[in-house]
>>> print(open('target-v2.cif').read())   # mmCIF, C-alpha atoms and all ligand atoms
data_coords
loop_
_atom_site.label_atom_id
_atom_site.label_comp_id
_atom_site.auth_asym_id
_atom_site.auth_seq_id
_atom_site.Cartn_x
_atom_site.Cartn_y
_atom_site.Cartn_z
CA MET T 59 35.51 35.82 50.27
CA THR T 60 32.23 35.36 48.48
CA SER T 61 30.75 32.06 47.49
CA HIS T 62 29.15 31.46 44.12
CA THR T 63 26.82 28.95 45.75
CA GLN T 64 23.62 29.87 47.50
CA LEU T 65 22.71 29.46 51.11
CA TYR T 66 19.95 26.93 51.87
CA GLU T 67 18.09 26.42 55.14
CA ILE T 68 17.59 22.75 55.95
CA PHE T 69 14.55 21.28 57.67
CA ILE T 70 14.33 17.63 58.72
CA ARG T 71 11.31 15.51 59.55
CA SER T 72 12.67 13.07 62.09
CA GLN T 73 9.65 10.80 61.96
CA ARG T 74 6.42 10.53 60.00
CA GLY T 75 3.70 12.55 61.61
CA LEU T 76 6.05 15.20 63.03
CA ASP T 77 6.71 18.67 61.63
CA HIS T 78 9.88 19.42 59.71
CA LYS T 79 12.26 21.15 62.07
CA HIS T 80 15.02 23.59 61.22
CA VAL T 81 18.43 22.00 61.76
CA GLY T 82 20.85 24.42 60.09
CA SER T 83 21.99 25.68 56.73
CA LEU T 84 24.50 24.92 53.98
CA HIS T 85 25.77 26.17 50.63
CA ALA T 86 24.78 24.44 47.41
CA ASP T 87 24.49 25.15 43.69
CA ASP T 88 20.86 24.15 43.42
CA ALA T 89 18.03 22.50 45.32
CA GLU T 90 18.96 18.98 44.33
CA GLN T 91 22.53 19.44 45.51
CA ALA T 92 21.25 21.04 48.71
CA LEU T 93 19.25 17.88 49.42
CA GLN T 94 22.28 15.68 48.81
CA TYR T 95 24.52 17.82 50.99
CA ALA T 96 21.86 17.93 53.69
CA ARG T 97 21.70 14.16 53.65
CA ASP T 98 25.47 14.00 54.18
CA VAL T 99 25.65 16.77 56.75
CA TYR T 100 22.50 16.39 58.81
CA THR T 101 21.25 12.80 58.55
CA ARG T 102 24.36 10.66 58.94
CA ARG T 103 22.75 8.82 61.85
CA SER T 104 19.38 8.51 60.10
CA GLU T 105 18.00 11.55 61.90
CA GLY T 106 15.36 12.03 59.26
CA VAL T 107 12.81 10.52 56.91
CA SER T 108 12.33 13.69 54.87
CA ILE T 109 14.38 16.80 54.13
CA TRP T 110 13.24 20.24 53.02
CA ALA T 111 15.77 22.63 51.50
CA VAL T 112 14.64 26.25 51.24
CA LYS T 113 16.70 29.12 49.82
CA SER T 114 17.64 31.34 52.76
CA SER T 115 16.81 34.38 50.66
CA ASP T 116 13.23 33.07 50.32
CA ILE T 117 12.65 33.16 54.06
CA ALA T 118 10.88 36.20 55.42
CA ALA T 119 11.74 36.62 59.09
CA SER T 120 10.56 38.96 61.81
CA GLN T 121 13.23 40.56 63.97
CA GLU T 122 13.54 40.24 67.71
CA SER T 123 13.85 44.01 67.86
CA ASP T 124 10.29 44.13 66.47
CA CYS T 125 9.12 42.16 69.48
CA GLY T 126 7.48 45.11 71.17
CA SER T 127 5.17 46.10 68.38
CA PHE T 128 4.70 42.50 67.17
CA TYR T 129 3.75 40.73 70.38
CA ASP T 130 3.04 43.39 72.98
CA PRO T 131 -0.75 43.37 72.53
CA LEU T 132 -0.82 39.63 73.31
CA ASP T 133 0.47 39.91 76.85
CA ASP T 134 -2.60 41.55 78.34
CA LYS T 135 -5.09 38.81 77.39
CA PRO T 136 -4.89 36.20 80.14
CA TYR T 137 -8.46 35.18 79.27
CA ARG T 138 -7.12 33.39 76.19
CA HIS T 139 -5.84 30.67 78.52
CA ALA T 140 -8.05 27.96 79.98
CA SER T 141 -6.38 28.39 83.37
CA HIS T 142 -7.96 31.85 83.61
CA TYR T 143 -11.37 30.32 84.45
CA ASP T 144 -12.27 28.85 87.84
CA LEU T 145 -14.25 25.62 87.89
CA PRO T 146 -16.54 24.16 90.56
CA ASP T 147 -14.65 21.57 92.63
CA GLU T 148 -16.90 18.72 91.48
CA VAL T 149 -15.94 19.17 87.85
CA LYS T 150 -13.07 16.84 87.07
CA SER T 151 -12.93 16.98 83.30
CA LEU T 152 -13.25 20.15 81.29
CA MET M 252 3.97 14.80 36.27
CA ASP M 253 0.52 14.52 37.72
CA ARG M 254 0.42 15.58 41.36
CA ARG M 255 -0.89 12.16 42.31
CA ASP M 256 2.21 10.53 40.85
CA ILE M 257 4.58 12.33 43.17
CA GLY M 258 6.05 9.82 45.51
CA ARG M 259 4.79 6.91 43.42
CA PHE M 260 6.95 3.94 44.18
CA VAL M 261 9.08 3.17 41.17
CA GLY M 262 7.96 0.08 39.33
CA MET M 263 4.98 -0.70 41.51
CA ASP M 264 1.53 -1.28 40.17
CA GLN M 265 -1.64 0.08 41.74
CA ALA M 266 -2.32 -3.00 43.88
CA GLU M 267 1.18 -3.03 45.34
CA GLU M 268 1.00 0.69 46.08
CA GLU M 269 -2.27 0.22 47.90
CA LYS M 270 -0.76 -2.60 49.90
CA VAL M 271 2.23 -0.49 50.97
CA PHE M 272 -0.12 2.38 51.78
CA GLN M 273 -2.37 0.19 53.95
CA GLU M 274 0.63 -1.36 55.73
CA ARG M 275 1.86 2.11 56.56
CA VAL M 276 -1.55 3.05 57.94
CA ASP M 277 -1.80 -0.21 59.91
CA ALA M 278 1.61 0.46 61.45
CA GLU M 279 0.24 3.81 62.79
CA GLU M 280 2.58 5.75 60.51
CA LYS M 281 1.24 9.05 59.21
CA ILE M 282 0.62 9.63 55.52
CA GLU M 283 2.41 12.77 54.36
CA PRO M 284 1.51 15.04 51.39
CA LYS M 285 3.99 13.61 48.89
CA ASP M 286 3.24 9.94 49.61
CA TRP M 287 1.26 7.87 47.17
CA MET M 288 -2.32 7.50 48.37
CA PRO M 289 -5.52 6.03 46.91
CA ASP M 290 -7.63 8.53 45.02
CA LYS M 291 -10.59 7.83 47.26
CA TYR M 292 -8.49 8.53 50.38
CA ARG M 293 -7.48 11.90 48.95
CA LYS M 294 -11.05 12.76 47.95
CA THR M 295 -12.46 11.74 51.31
CA LEU M 296 -9.92 13.83 53.19
CA ILE M 297 -10.34 16.88 50.98
CA ARG M 298 -14.07 16.66 51.63
CA GLN M 299 -13.69 16.13 55.37
CA ILE M 300 -10.97 18.71 56.03
CA SER M 301 -12.59 21.40 53.88
CA GLN M 302 -15.97 20.82 55.54
CA HIS M 303 -14.28 21.04 58.91
CA ALA M 304 -12.70 24.34 57.79
CA HIS M 305 -16.05 25.69 56.57
CA SER M 306 -17.58 24.78 59.93
CA GLU M 307 -14.98 26.79 61.84
CA VAL M 308 -15.58 29.83 59.65
CA ILE M 309 -19.39 29.61 59.43
CA GLY M 310 -19.39 29.04 63.20
CA MET M 311 -18.07 32.58 63.63
CA GLN M 312 -21.48 33.94 62.56
CA PRO M 313 -23.78 32.81 65.38
CA GLU M 314 -21.20 33.90 67.96
CA GLY M 315 -20.22 37.07 66.11
CA ASN M 316 -23.89 37.98 66.41
CA TRP M 317 -23.27 38.73 70.12
CA LEU M 318 -19.95 40.58 69.90
CA THR M 319 -21.51 44.00 70.26
CA ARG M 320 -24.12 42.85 72.78
CA ALA M 321 -22.07 40.81 75.25
CA PRO M 322 -22.98 42.15 78.70
CA THR M 323 -19.59 43.55 79.78
CA LEU M 324 -16.42 44.82 78.14
CA HIS M 325 -14.62 41.75 79.50
CA ARG M 326 -17.16 39.34 77.96
CA LYS M 327 -16.85 41.20 74.65
CA ALA M 328 -13.07 40.86 74.71
CA VAL M 329 -13.28 37.15 75.56
CA LEU M 330 -15.84 36.46 72.84
CA LEU M 331 -13.82 38.41 70.30
CA ALA M 332 -10.73 36.36 71.19
CA LYS M 333 -12.74 33.16 70.80
CA VAL M 334 -14.24 34.10 67.44
CA GLN M 335 -10.79 35.14 66.24
CA ASP M 336 -9.46 31.70 67.21
CA GLU M 337 -12.20 30.05 65.14
CA GLY M 338 -11.13 32.04 62.08
CA GLY M 339 -7.60 30.79 62.75
CA HIS M 340 -8.84 27.20 62.97
CA GLY M 341 -10.44 27.64 59.57
CA LEU M 342 -7.09 28.77 58.16
CA TYR M 343 -5.13 25.85 59.67
CA LEU M 344 -7.64 23.48 58.11
CA TYR M 345 -7.82 25.12 54.68
CA SER M 346 -4.00 24.93 54.55
CA ALA M 347 -4.06 21.27 55.55
CA ALA M 348 -6.55 20.58 52.73
CA GLU M 349 -4.38 22.53 50.30
CA THR M 350 -1.52 20.06 50.88
CA MET M 351 -3.72 17.56 49.01
CA GLY M 352 -3.74 19.68 45.88
CA VAL M 353 -7.07 21.49 46.16
CA SER M 354 -7.11 25.30 46.01
CA ARG M 355 -8.70 27.68 48.50
CA GLU M 356 -10.83 29.13 45.68
CA GLU M 357 -12.24 25.70 44.78
CA MET M 358 -13.14 25.03 48.41
CA ILE M 359 -14.89 28.38 48.87
CA ASP M 360 -16.67 27.84 45.59
CA ASP M 361 -17.88 24.41 46.71
CA LEU M 362 -19.26 25.99 49.86
CA HIS M 363 -21.05 28.76 47.96
CA GLU M 364 -22.46 26.34 45.38
CA GLU M 365 -23.60 24.06 48.22
CA ARG M 366 -21.50 21.13 47.05
CA ALA M 367 -19.71 21.21 50.41
CA LYS M 368 -21.45 21.13 53.76
CA TYR M 369 -20.56 22.45 57.19
CA ALA M 370 -21.65 21.43 60.69
CA SER M 371 -25.42 21.81 60.90
CA ILE M 372 -25.19 23.05 64.51
CA PHE M 373 -24.33 26.50 63.15
CA ASN M 374 -27.69 26.70 61.39
CA TYR M 375 -29.37 27.35 64.74
CA PRO M 376 -29.85 30.96 65.84
CA THR M 377 -28.26 32.55 68.92
CA LEU M 378 -31.32 34.16 70.47
CA THR M 379 -30.03 35.08 73.92
CA TRP M 380 -26.74 35.82 75.66
CA SER M 381 -26.76 32.43 77.34
CA ASP M 382 -26.74 30.78 73.88
CA ILE M 383 -23.12 31.99 73.71
CA GLY M 384 -22.48 30.17 76.98
CA ALA M 385 -24.22 27.03 75.72
CA ILE M 386 -22.26 27.06 72.47
CA GLY M 387 -18.89 27.48 74.16
CA TRP M 388 -19.67 24.85 76.73
CA LEU M 389 -21.56 22.24 74.66
CA VAL M 390 -20.67 22.83 71.01
CA ASP M 391 -16.99 23.38 71.64
CA SER M 392 -16.88 20.44 74.08
CA ALA M 393 -18.42 18.18 71.47
CA ALA M 394 -15.98 19.49 68.88
CA ILE M 395 -13.10 18.81 71.27
CA VAL M 396 -14.16 15.19 71.84
CA ASN M 397 -14.16 14.72 68.08
CA GLN M 398 -10.94 16.65 67.51
CA ILE M 399 -8.99 14.86 70.24
CA SER M 400 -9.83 11.64 68.45
CA LEU M 401 -8.71 13.17 65.13
CA GLN M 402 -5.29 14.04 66.54
CA ARG M 403 -4.61 10.38 65.67
CA THR M 404 -6.00 10.55 62.14
CA SER M 405 -3.72 9.00 59.52
CA TYR M 406 -3.07 12.11 57.42
CA GLY M 407 -0.13 14.03 58.94
CA PRO M 408 -1.08 17.66 58.17
CA TYR M 409 -4.66 17.08 59.41
CA ALA M 410 -3.45 15.40 62.60
CA ARG M 411 -1.03 18.24 63.31
CA ALA M 412 -3.71 20.87 62.69
CA MET M 413 -5.88 19.03 65.24
CA VAL M 414 -3.13 19.18 67.86
CA ARG M 415 -2.80 22.94 67.38
CA ILE M 416 -6.57 23.44 67.45
CA CYS M 417 -7.18 21.32 70.56
CA LYS M 418 -4.68 23.41 72.51
CA GLU M 419 -6.78 26.48 71.79
CA GLU M 420 -10.17 24.88 72.28
CA SER M 421 -9.96 24.36 76.02
CA PHE M 422 -10.27 28.10 76.58
CA HIS M 423 -13.38 28.14 74.38
CA GLN M 424 -15.07 25.46 76.43
CA ARG M 425 -14.14 27.07 79.73
CA GLN M 426 -15.33 30.56 78.82
CA GLY M 427 -18.67 29.06 77.76
CA TYR M 428 -18.99 27.08 80.95
CA ASN M 429 -18.06 30.18 82.92
CA ILE M 430 -20.91 32.11 81.30
CA MET M 431 -23.35 29.32 82.25
CA MET M 432 -22.00 29.03 85.79
CA THR M 433 -22.31 32.78 86.32
CA LEU M 434 -25.90 32.82 85.05
CA MET M 435 -26.82 29.80 87.20
CA ARG M 436 -25.63 31.70 90.26
CA GLY M 437 -27.72 34.72 89.27
CA SER M 438 -31.40 35.70 89.33
CA ASP M 439 -34.29 33.37 88.51
CA GLU M 440 -34.55 34.98 85.09
CA GLN M 441 -30.86 34.38 84.40
CA LYS M 442 -31.20 30.74 85.46
CA ALA M 443 -34.23 30.32 83.23
CA MET M 444 -32.37 31.86 80.31
CA ALA M 445 -29.42 29.48 80.76
CA GLN M 446 -31.72 26.47 81.05
CA ASP M 447 -33.63 27.52 77.92
CA SER M 448 -30.39 27.66 75.91
CA VAL M 449 -29.44 24.15 76.99
CA ASN M 450 -32.96 22.93 76.19
CA ARG M 451 -32.57 24.20 72.63
CA PHE M 452 -28.94 23.20 72.03
CA TRP M 453 -28.66 19.80 73.74
CA TRP M 454 -30.16 17.62 71.01
CA PRO M 455 -28.57 19.42 68.04
CA VAL M 456 -25.21 19.05 69.82
CA LEU M 457 -25.71 15.28 70.12
CA MET M 458 -26.38 15.24 66.37
CA MET M 459 -22.96 16.79 65.74
CA PHE M 460 -21.43 13.32 66.11
CA GLY M 461 -23.36 12.13 63.05
CA PRO M 462 -25.70 9.18 62.46
CA HIS M 463 -25.60 5.96 64.48
CA ASP M 464 -22.78 3.62 63.52
CA SER M 465 -25.30 1.21 62.02
CA ASP M 466 -26.53 3.94 59.62
CA SER M 467 -23.19 5.54 58.86
CA VAL M 468 -22.32 5.02 55.19
CA HIS M 469 -18.58 5.75 55.07
CA SER M 470 -17.58 4.43 58.45
CA ALA M 471 -15.94 1.08 57.65
CA GLN M 472 -13.56 2.36 54.97
CA ASN M 473 -12.69 5.48 56.97
CA MET M 474 -11.86 3.35 59.99
CA LYS M 475 -9.71 1.03 57.88
CA TRP M 476 -7.79 4.01 56.52
CA LYS M 477 -7.70 5.41 60.06
CA ILE M 478 -9.14 8.71 58.86
CA LYS M 479 -11.68 8.17 61.61
CA ARG M 480 -10.39 6.60 64.84
CA GLN M 481 -13.51 6.20 66.96
CA SER M 482 -17.08 5.62 65.89
CA ASN M 483 -19.83 8.26 66.01
CA ASP M 484 -21.66 6.44 68.80
CA ASP M 485 -18.52 6.00 70.93
CA LEU M 486 -17.64 9.68 70.65
CA ARG M 487 -21.21 10.73 71.44
CA GLN M 488 -21.26 8.50 74.52
CA LYS M 489 -17.95 9.93 75.71
CA PHE M 490 -19.31 13.46 75.38
CA ILE M 491 -22.53 12.64 77.26
CA ASP M 492 -20.68 10.90 80.08
CA GLN M 493 -18.41 13.84 80.74
CA THR M 494 -21.10 16.51 80.34
CA VAL M 495 -23.58 15.19 82.91
CA GLU M 496 -21.19 15.92 85.77
CA GLN M 497 -20.57 19.43 84.49
CA ALA M 498 -24.30 20.12 84.17
CA ASN M 499 -24.99 18.80 87.68
CA ALA M 500 -22.25 20.95 89.17
CA ILE M 501 -24.02 24.16 88.14
CA GLY M 502 -27.62 22.91 88.45
CA ILE M 503 -28.45 22.70 84.75
CA LEU M 504 -30.91 20.00 83.67
CA LEU M 505 -30.11 18.15 80.46
CA PRO M 506 -33.46 17.89 78.63
CA ASP M 507 -33.66 14.12 78.28
CA PRO M 508 -36.01 12.12 80.55
CA ASP M 509 -34.22 8.90 79.57
CA LEU M 510 -30.81 10.13 80.67
CA LYS M 511 -29.64 7.92 83.54
CA TRP M 512 -26.56 6.10 84.75
CA ASN M 513 -26.32 2.48 83.65
CA GLU M 514 -24.15 0.67 86.16
CA GLU M 515 -23.78 -2.38 83.96
CA ARG M 516 -22.54 -0.47 80.90
CA GLY M 517 -20.58 2.04 82.95
CA HIS M 518 -22.15 4.77 80.83
CA TYR M 519 -25.18 7.03 80.79
CA ASP M 520 -28.17 5.77 78.84
CA PHE M 521 -29.94 8.43 76.81
CA GLY M 522 -33.03 8.91 74.66
CA GLU M 523 -33.40 8.59 70.90
CA ILE M 524 -32.28 11.44 68.67
CA ASP M 525 -34.76 12.97 66.20
CA TRP M 526 -32.95 12.04 62.99
CA GLU M 527 -35.62 13.60 60.81
CA GLU M 528 -34.60 16.95 62.30
CA PHE M 529 -30.95 16.11 61.62
CA ARG M 530 -31.61 15.33 57.95
CA ARG M 531 -33.62 18.53 57.59
CA SER M 532 -30.86 20.74 58.92
CA MET M 533 -28.13 18.92 56.98
CA SER M 534 -29.91 19.42 53.69
CA GLY M 535 -30.04 23.17 54.16
CA GLY M 536 -33.31 23.24 56.08
CA GLY M 537 -31.87 24.50 59.38
CA PRO M 538 -33.43 27.71 60.71
CA CYS M 539 -30.51 29.92 59.62
CA SER M 540 -28.90 28.01 56.76
CA ARG M 541 -29.95 30.49 54.05
CA LEU M 542 -28.72 33.34 56.19
CA ARG M 543 -25.33 31.74 56.94
CA LEU M 544 -24.51 31.07 53.29
CA ALA M 545 -25.91 34.36 52.05
CA HIS M 546 -23.76 36.20 54.58
CA HIS M 547 -20.64 34.26 53.61
CA ARG M 548 -21.24 34.94 49.91
CA GLN M 549 -21.91 38.61 50.55
CA VAL M 550 -18.73 39.12 52.59
CA HIS M 551 -16.78 37.25 49.93
CA GLU M 552 -18.16 39.52 47.20
CA GLU M 553 -17.55 42.63 49.27
CA GLY M 554 -13.93 41.54 49.60
CA GLU M 555 -13.49 41.33 45.83
CA TRP M 556 -11.93 44.81 45.65
CA VAL M 557 -9.17 43.66 48.00
CA ARG M 558 -8.37 40.63 45.84
CA GLU M 559 -8.51 42.87 42.77
CA ALA M 560 -6.10 45.37 44.36
CA MET M 561 -3.72 42.52 45.23
CA ARG M 562 -3.75 41.28 41.64
CA VAL M 563 -3.05 44.75 40.27
CA TYR M 564 -0.25 45.32 42.78
CA GLU M 565 1.24 41.92 41.98
CA ASN M 566 1.24 42.67 38.23
CA LYS M 567 2.73 46.11 38.78
CA LYS M 568 5.50 44.71 40.91
CA ARG M 569 6.25 42.07 38.31
CA SER M 570 6.43 44.51 35.41
CA ASN M 571 8.64 46.85 37.46
CA GLN M 572 10.99 43.96 38.10
CA GLU M 573 11.05 43.01 34.44
CA ALA M 574 11.75 46.61 33.45
CA ALA M 575 14.61 46.89 35.94
FE FE T 601 -12.56 25.79 66.48
FE FE T 602 -13.53 22.89 65.61
FE FE T 603 -13.77 26.51 69.41
#
>>> encode(input="target-v2.cif", output="structure tokens", more="lines below")
Ligand SMILES: [Fe+2]
Ligand SMILES: [Fe+2]
Ligand SMILES: [Fe+2]
Amino acid sequence: MTSHTQLYEIFIRSQRGLDHKHVGSLHADDAEQALQYARDVYTRRSEGVSIWAVKSSDIAASQESDCGSFYDPLDDKPYRHASHYDLPDEVKSL
Amino acid sequence: MDRRDIGRFVGMDQAEEEKVFQERVDAEEKIEPKDWMPDKYRKTLIRQISQHAHSEVIGMQPEGNWLTRAPTLHRKAVLLAKVQDEGGHGLYLYSAAETMGVSREEMIDDLHEERAKYASIFNYPTLTWSDIGAIGWLVDSAAIVNQISLQRTSYGPYARAMVRICKEESFHQRQGYNIMMTLMRGSDEQKAMAQDSVNRFWWPVLMMFGPHDSDSVHSAQNMKWKIKRQSNDDLRQKFIDQTVEQANAIGILLPDPDLKWNEERGHYDFGEIDWEEFRRSMSGGGPCSRLRLAHHRQVHEEGEWVREAMRVYENKKRSNQEAA
């Protein structure tokens, strides 16, 4: 069974100052309808102050199977972390 | 619809909108891109965020100067990672500014035409290897003090960019301090080199926090809008207080005869800053300011063929799609 509606990914900002966070997806005819549906589906308990609806087909995603080539070179750089560097005992803040 | 009208409260006049805006700010709520905001608030933030972005990117030059000359392969790798982070910080900040409706091209143009400034600290040359240590330790520490405070700035995208940046900065500060510590445990010449770097960088770093509160033109309004959360003098004092201990721990002298603990204030007292020097380096008179801008312009021009190729590819793709 195919749907004539499009799939939208829904992102909710739970509170001012925080990032929008992905909460799920839904089918809708257009962006406006997606927002209305998202309100009904995802914010019934006032979970959000702002909703983003993005067409799923507009999202470019990397695959977990790409992990090796994508992230492998990052694992051998412990010096990117502050904890890599020893400090003199007297130094409390740095 | 004008971009500024997005989110305009239906049926409200300007004064009411401003009142709602200020109440939101007073309640410690963040302002988000589609909210109504005073024009001056938007302009101030575009200026501040873009200048912060320019500083991150221009700051790659004095450090990049030592990438090929860092003393060991490990130090090269660390410095490369640090400089790469700074480029990333520039991108976070340009994107945050773009949420206010200014384009990347306009911002770069403002930098090249000298309508926008960047932190004057990057107009000083990096003459020796220990300058890289001094920059990581002192310049990044000073930036962190400022950026921690800005995590609470009222504009949401800027505040969130600050959170991301601060997480990455602590490695910058530590690698710099580690360079200084290593040199201070080395030969007399190495110690002298480290001390000389601190002698040159200490005062310019104190200037990074800007003029005294009493001479700061925009302070009151920026505090009211909570763009700025702590005053220049408070941030400077915080930086000095925490740095003295770090300097003592490795035997570095901070070059200020007036620097001493004031029991009554619970802070270190320090000497007067040479503001004439500050004004000179802000108005493009710093030792390397010509060089920094010329280099940025040159790299931008040399990258024109890439932008050109992207435009051509974009057009080709579009006409293929239309033909299909
Ligand atoms: Fe940075
Ligand atoms: Fe920074
Ligand atoms: Fe940094």
>>> residues_near_ligand(input="target-v2.cif", ligand="ligand FE 601 (chain T)", cutoff="6 Å", atoms="only C-alpha atoms and all ligand atoms", output="list in words")
Glu307, Glu337 and His340 of chain M
>>> residues_near_ligand(input="target-v2.cif", ligand="ligand FE 602 (chain T)", cutoff="10 Å", atoms="all atoms listed in the file", output="mmCIF file with C-alpha atoms, keeping the file's coordinate frame")
data_model
loop_
_atom_site.group_PDB
_atom_site.id
_atom_site.type_symbol
_atom_site.label_atom_id
_atom_site.label_comp_id
_atom_site.auth_asym_id
_atom_site.auth_seq_id
_atom_site.Cartn_x
_atom_site.Cartn_y
_atom_site.Cartn_z
ATOM 1 C CA HIS M 303 -14.280 21.040 58.910
ATOM 2 C CA ALA M 304 -12.700 24.340 57.790
ATOM 3 C CA HIS M 305 -16.050 25.690 56.570
ATOM 4 C CA SER M 306 -17.580 24.780 59.930
ATOM 5 C CA GLU M 307 -14.980 26.790 61.840
ATOM 6 C CA VAL M 308 -15.580 29.830 59.650
ATOM 7 C CA GLY M 310 -19.390 29.040 63.200
ATOM 8 C CA ASP M 336 -9.460 31.700 67.210
ATOM 9 C CA GLU M 337 -12.200 30.050 65.140
ATOM 10 C CA HIS M 340 -8.840 27.200 62.970
ATOM 11 C CA GLY M 341 -10.440 27.640 59.570
ATOM 12 C CA LEU M 344 -7.640 23.480 58.110
ATOM 13 C CA ALA M 370 -21.650 21.430 60.690
ATOM 14 C CA VAL M 390 -20.670 22.830 71.010
ATOM 15 C CA ASP M 391 -16.990 23.380 71.640
ATOM 16 C CA SER M 392 -16.880 20.440 74.080
ATOM 17 C CA ALA M 393 -18.420 18.180 71.470
ATOM 18 C CA ALA M 394 -15.980 19.490 68.880
ATOM 19 C CA ILE M 395 -13.100 18.810 71.270
ATOM 20 C CA VAL M 396 -14.160 15.190 71.840
ATOM 21 C CA ASN M 397 -14.160 14.720 68.080
ATOM 22 C CA GLN M 398 -10.940 16.650 67.510
ATOM 23 C CA MET M 413 -5.880 19.030 65.240
ATOM 24 C CA ILE M 416 -6.570 23.440 67.450
ATOM 25 C CA CYS M 417 -7.180 21.320 70.560
ATOM 26 C CA GLU M 419 -6.780 26.480 71.790
ATOM 27 C CA GLU M 420 -10.170 24.880 72.280
#
>>> residues_around(input="target-v2.cif", residues="stretch 105-112 of chain T", least_positions_apart="5", cutoff="8 Å", atoms="all atoms listed in the file", output="list in words")
Tyr66, Glu67, Ile68, Phe69, Ile70, Arg71, Ser72, Gln73, Arg74, His78, Ala89, Ala92, Leu93, Ala96, Arg97, Tyr100 and Ile117 of chain T
>>> atom_distance(input="target-v2.cif", atom1="atom CA of M:Asn374", atom2="atom CA of M:Ser470")
24.6 Å
>>> closest_residue(input="target-v2.cif", among="M:Gln493, M:Asn473, M:Asn571, M:Gln335", to="ligand FE 603 (chain T)", atoms="all atoms listed in the file")
M:Gln335
>>> interface_residues(input="target-v2.cif", of="chain T", to="chain M", cutoff="10 Å", atoms="only C-alpha atoms", output="PyMOL selection string")
chain T and resi 73-77+108+135-152
>>> atom_distance(input="target-v2.cif", atom1="atom CA of M:Pro322", atom2="atom CA of M:Asp439")
17.4 Å
>>> atom_distance(input="target-v2.cif", atom1="atom CA of M:Gln549", atom2="atom CA of M:Phe529")
26.7 Å
>>> residues_near_point(input="target-v2.cif", point="(-12.4, 4.8, 47.2)", cutoff="12 Å", atoms="only C-alpha atoms", output="PDB file with C-alpha atoms, keeping the file's coordinate frame")
ATOM      1  CA  GLU M 269      -2.270   0.220  47.900  1.00  0.00           C
ATOM      2  CA  MET M 288      -2.320   7.500  48.370  1.00  0.00           C
ATOM      3  CA  PRO M 289      -5.520   6.030  46.910  1.00  0.00           C
ATOM      4  CA  ASP M 290      -7.630   8.530  45.020  1.00  0.00           C
ATOM      5  CA  LYS M 291     -10.590   7.830  47.260  1.00  0.00           C
ATOM      6  CA  TYR M 292      -8.490   8.530  50.380  1.00  0.00           C
ATOM      7  CA  ARG M 293      -7.480  11.900  48.950  1.00  0.00           C
ATOM      8  CA  LYS M 294     -11.050  12.760  47.950  1.00  0.00           C
ATOM      9  CA  THR M 295     -12.460  11.740  51.310  1.00  0.00           C
ATOM     10  CA  LEU M 296      -9.920  13.830  53.190  1.00  0.00           C
ATOM     11  CA  HIS M 469     -18.580   5.750  55.070  1.00  0.00           C
ATOM     12  CA  ALA M 471     -15.940   1.080  57.650  1.00  0.00           C
ATOM     13  CA  GLN M 472     -13.560   2.360  54.970  1.00  0.00           C
ATOM     14  CA  ASN M 473     -12.690   5.480  56.970  1.00  0.00           C
ATOM     15  CA  LYS M 475      -9.710   1.030  57.880  1.00  0.00           C
ATOM     16  CA  TRP M 476      -7.790   4.010  56.520  1.00  0.00           C
TER      17      TRP M 476
END
>>> closest_residue(input="target-v2.cif", among="M:Val456, M:Gly522, M:Gly339, M:Leu318", to="ligand FE 603 (chain T)", atoms="all atoms listed in the file")
M:Gly339
>>> axis_aligned_box(input="target-v2.cif", around="stretch 412-429 of chain M", padding_each_side="8 Å", output="lines of an AutoDock Vina configuration file")
center_x = -10.9
center_y = 24.8
center_z = 72.8
size_x = 32.2
size_y = 27.5
size_z = 36.2
>>> closest_residue(input="target-v2.cif", among="T:Arg102, T:Gln94, T:His80, T:Lys113", to="T:Gln64", atoms="only C-alpha atoms")
T:Lys113
>>> closest_residue(input="target-v2.cif", among="M:Leu504, M:Arg355, M:Ile386, M:Glu555", to="ligand FE 603 (chain T)", atoms="only C-alpha atoms and all ligand atoms")
M:Ile386
>>> residues_around(input="target-v2.cif", residues="M:Pro508", least_positions_apart="6", cutoff="12 Å", atoms="only C-alpha atoms", output="list in words")
Tyr519, Asp520, Phe521, Gly522 and Glu523 of chain M
